[in-house]
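One structure below.
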Amino acid sequence: MDYREYRLLLQADRDRAERLLYGEYVNYVYAIVYSRLRSCATREDIGECVIDVFMDVFAFYEKDSAVSDDMKGFIGTVAYRKSAAYFNRLCRSSTVPLDDVAEALPSEDDIQQDAELSELRGILLDLVDSLGEPDSTIIMQKYFYGRSSREIARIVPLSPVMIRVRCSRALKKLRRLLADRDISL
């Protein structure tokens, strides 16, 4: 199902449109959410995140008519962002007894490096999110999913040339934001 078909079906029968979209993409969304949350979430948390992803997708498609045909890319981006938010919330609030994990940890150097990388990833995701739309979607699609400007143009209603221009400007802005925090990559 592409965006146009979904939009027509949404106008005719909202419940059926949502069921079909859910049925087509639930495994894809679950795979993204599970890979991100498997280390700190329960099954219920993962299921709740999947449902929240679809709620956000349904709400967006209901109100916005300027979306491209690549629904899979958009849904993947929503799933990744939502699961990252859940991950941050769950990992910050959960505690694990030190005795349970002490044997599995190779050395203190690795722990410190992993913690720094994890913190850097969180900061980077927050900064990419702060770029706003469509820049954050362009950056995520280009550098997380490895998509070309032409593929991103199917997701974001801009030409491939404009995608490259926006990407370049967004990267400059991101570098500035990182420099403001004294972070160099």
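Naming works like this for the structure tokens: A, B, ... for the chains as they're shown, residue 1 at the start of each chain, ligands 1 onward in shown order.
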Who sits within 12 Å of Asn88 of chain A, only C-alpha atoms, same chain under 3 positions skipped, as JSON, numbers by chain = {"A": [36, 37, 39, 40, 41, 81, 82, 83, 84, 85, 91, 92, 93, 94, 118, 119, 121, 122, 123, 125, 126]}
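Non-sequential neighbours of Ile32 of chain A (distance at most 7 Å, separation of 3 or more positions within a chain, only C-alpha atoms) are Tyr28, Val29, Ser35, Arg36, Ala79 and Tyr80 of chain A.
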inquiry  = Between A:Glu48, A:Asp182, A:Asp2, A:Glu24, which residue has the minimum interatomic distance to Leu120 of chain A, considering only C-alpha atoms?
reply    = A:Asp182
request  = Would you mind listing what lies within 12 Å of Asp180 of chain A as JSON, numbers by chain, with only C-alpha atoms counted and same-chain residues fewer than 6 positions away left out?
outcome  = {"A": [127, 173, 174]}
Convert the current residue selection to file output with N, CA, C and O atoms, as a PDB file, in the first residue's frame.
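File written: part.pdb
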```
ATOM      1  N   LEU A 127      20.329  16.546  19.598  1.00  0.00           N
ATOM      2  CA  LEU A 127      20.696  17.672  18.740  1.00  0.00           C
ATOM      3  C   LEU A 127      20.110  17.523  17.342  1.00  0.00           C
ATOM      4  O   LEU A 127      19.653  18.505  16.746  1.00  0.00           O
ATOM      5  N   LYS A 173      24.965  23.260  10.930  1.00  0.00           N
ATOM      6  CA  LYS A 173      24.290  23.653  12.160  1.00  0.00           C
ATOM      7  C   LYS A 173      24.578  22.639  13.271  1.00  0.00           C
ATOM      8  O   LYS A 173      24.834  23.014  14.417  1.00  0.00           O
ATOM      9  N   LEU A 174      24.581  21.363  12.925  1.00  0.00           N
ATOM     10  CA  LEU A 174      24.865  20.310  13.896  1.00  0.00           C
ATOM     11  C   LEU A 174      26.302  20.425  14.412  1.00  0.00           C
ATOM     12  O   LEU A 174      26.547  20.278  15.611  1.00  0.00           O
TER      13      LEU A 174
END
```
task = Output as a PyMOL selection string all residues of segment 14-156 of chain A that backbone DSSP marks as alpha helix (DSSP H).
result = chain A and resi 14-37+43-63+71-93+98-102+108-130+135-139+149-155
inquiry  = If we count only C-alpha atoms and set the cut-off at 12 Å, which residues sit around segment 145-158 of chain A, ignoring sequence neighbours fewer than 5 positions away in its own chain? Please answer as a ChimeraX atom specification.
reply    = /A:2-3,32,64-77,80,133-140,163-168
Selected residues, N, CA and C atoms, written as an mmCIF file, in the first residue's frame, please.
```cif
data_model
loop_
_atom_site.group_PDB
_atom_site.id
_atom_site.type_symbol
_atom_site.label_atom_id
_atom_site.label_comp_id
_atom_site.auth_asym_id
_atom_site.auth_seq_id
_atom_site.Cartn_x
_atom_site.Cartn_y
_atom_site.Cartn_z
ATOM 1 N N ASP A 2 0.643 2.154 -0.895
ATOM 2 C CA ASP A 2 1.397 3.401 -0.903
ATOM 3 C C ASP A 2 0.558 4.503 -0.255
ATOM 4 N N TYR A 3 1.147 5.682 -0.182
ATOM 5 C CA TYR A 3 0.510 6.790 0.529
ATOM 6 C C TYR A 3 -0.825 7.170 -0.081
ATOM 7 N N ILE A 32 12.444 -2.907 14.717
ATOM 8 C CA ILE A 32 13.202 -1.700 15.084
ATOM 9 C C ILE A 32 13.123 -1.469 16.587
ATOM 10 N N ASP A 64 -1.773 15.516 7.956
ATOM 11 C CA ASP A 64 -0.842 16.047 6.966
ATOM 12 C C ASP A 64 -1.111 15.450 5.600
ATOM 13 N N SER A 65 -1.170 16.307 4.591
ATOM 14 C CA SER A 65 -1.412 15.815 3.241
ATOM 15 C C SER A 65 -0.188 15.948 2.353
ATOM 16 N N ALA A 66 0.899 16.533 2.833
ATOM 17 C CA ALA A 66 2.092 16.740 2.012
ATOM 18 C C ALA A 66 3.168 15.715 2.352
ATOM 19 N N VAL A 67 2.833 14.446 2.268
ATOM 20 C CA VAL A 67 3.770 13.366 2.580
ATOM 21 C C VAL A 67 4.048 12.595 1.306
ATOM 22 N N SER A 68 5.266 12.131 1.168
ATOM 23 C CA SER A 68 5.638 11.399 -0.036
ATOM 24 C C SER A 68 5.169 9.949 0.038
ATOM 25 N N ASP A 69 5.486 9.218 -1.017
ATOM 26 C CA ASP A 69 5.029 7.839 -1.124
ATOM 27 C C ASP A 69 5.780 6.858 -0.235
ATOM 28 N N ASP A 70 6.963 7.180 0.237
ATOM 29 C CA ASP A 70 7.756 6.226 1.000
ATOM 30 C C ASP A 70 7.293 6.157 2.449
ATOM 31 N N MET A 71 6.236 5.411 2.663
ATOM 32 C CA MET A 71 5.682 5.283 4.006
ATOM 33 C C MET A 71 6.625 4.492 4.907
ATOM 34 N N LYS A 72 7.307 3.512 4.341
ATOM 35 C CA LYS A 72 8.193 2.662 5.135
ATOM 36 C C LYS A 72 9.312 3.476 5.767
ATOM 37 N N GLY A 73 9.898 4.375 5.022
ATOM 38 C CA GLY A 73 10.962 5.217 5.557
ATOM 39 C C GLY A 73 10.470 6.113 6.675
ATOM 40 N N PHE A 74 9.320 6.713 6.468
ATOM 41 C CA PHE A 74 8.746 7.582 7.494
ATOM 42 C C PHE A 74 8.409 6.786 8.754
ATOM 43 N N ILE A 75 7.766 5.648 8.577
ATOM 44 C CA ILE A 75 7.390 4.818 9.727
ATOM 45 C C ILE A 75 8.643 4.326 10.454
ATOM 46 N N GLY A 76 9.677 3.981 9.713
ATOM 47 C CA GLY A 76 10.942 3.559 10.328
ATOM 48 C C GLY A 76 11.561 4.665 11.165
ATOM 49 N N THR A 77 11.517 5.887 10.664
ATOM 50 C CA THR A 77 12.063 7.018 11.407
ATOM 51 C C THR A 77 11.273 7.255 12.688
ATOM 52 N N TYR A 80 12.188 4.498 15.145
ATOM 53 C CA TYR A 80 13.507 4.674 15.740
ATOM 54 C C TYR A 80 13.491 5.781 16.798
ATOM 55 N N GLU A 133 12.044 19.734 11.532
ATOM 56 C CA GLU A 133 11.694 19.084 10.270
ATOM 57 C C GLU A 133 11.895 20.053 9.127
ATOM 58 N N PRO A 134 12.251 19.612 7.979
ATOM 59 C CA PRO A 134 12.574 18.265 7.551
ATOM 60 C C PRO A 134 14.030 17.898 7.772
ATOM 61 N N ASP A 135 14.841 18.813 8.358
ATOM 62 C CA ASP A 135 16.273 18.565 8.503
ATOM 63 C C ASP A 135 16.587 17.323 9.328
ATOM 64 N N SER A 136 15.881 17.124 10.431
ATOM 65 C CA SER A 136 16.164 15.954 11.260
ATOM 66 C C SER A 136 15.838 14.665 10.512
ATOM 67 N N THR A 137 14.763 14.653 9.752
ATOM 68 C CA THR A 137 14.420 13.465 8.967
ATOM 69 C C THR A 137 15.473 13.220 7.890
ATOM 70 N N ILE A 138 15.930 14.278 7.245
ATOM 71 C CA ILE A 138 16.948 14.134 6.205
ATOM 72 C C ILE A 138 18.228 13.543 6.798
ATOM 73 N N ILE A 139 18.679 14.073 7.929
ATOM 74 C CA ILE A 139 19.906 13.578 8.567
ATOM 75 C C ILE A 139 19.732 12.114 8.976
ATOM 76 N N MET A 140 18.600 11.783 9.597
ATOM 77 C CA MET A 140 18.362 10.394 10.023
ATOM 78 C C MET A 140 18.341 9.453 8.821
ATOM 79 N N ILE A 163 17.408 18.461 -1.088
ATOM 80 C CA ILE A 163 17.774 17.540 -0.002
ATOM 81 C C ILE A 163 19.256 17.711 0.314
ATOM 82 N N ARG A 164 20.104 17.736 -0.717
ATOM 83 C CA ARG A 164 21.541 17.889 -0.504
ATOM 84 C C ARG A 164 21.867 19.244 0.141
ATOM 85 N N VAL A 165 21.193 20.293 -0.308
ATOM 86 C CA VAL A 165 21.421 21.621 0.266
ATOM 87 C C VAL A 165 21.006 21.634 1.730
ATOM 88 N N ARG A 166 19.807 21.108 2.025
ATOM 89 C CA ARG A 166 19.314 21.081 3.409
ATOM 90 C C ARG A 166 20.217 20.228 4.292
ATOM 91 N N CYS A 167 20.707 19.121 3.734
ATOM 92 C CA CYS A 167 21.590 18.228 4.488
ATOM 93 C C CYS A 167 22.898 18.952 4.829
ATOM 94 N N SER A 168 23.454 19.642 3.865
ATOM 95 C CA SER A 168 24.693 20.379 4.092
ATOM 96 C C SER A 168 24.496 21.447 5.163
#
```
remark   = Using only C-alpha atoms, the residue out of A:Glu116, A:Glu44, A:Phe87, A:Met55 with shortest distance to Ile183 of chain A is A:Glu116
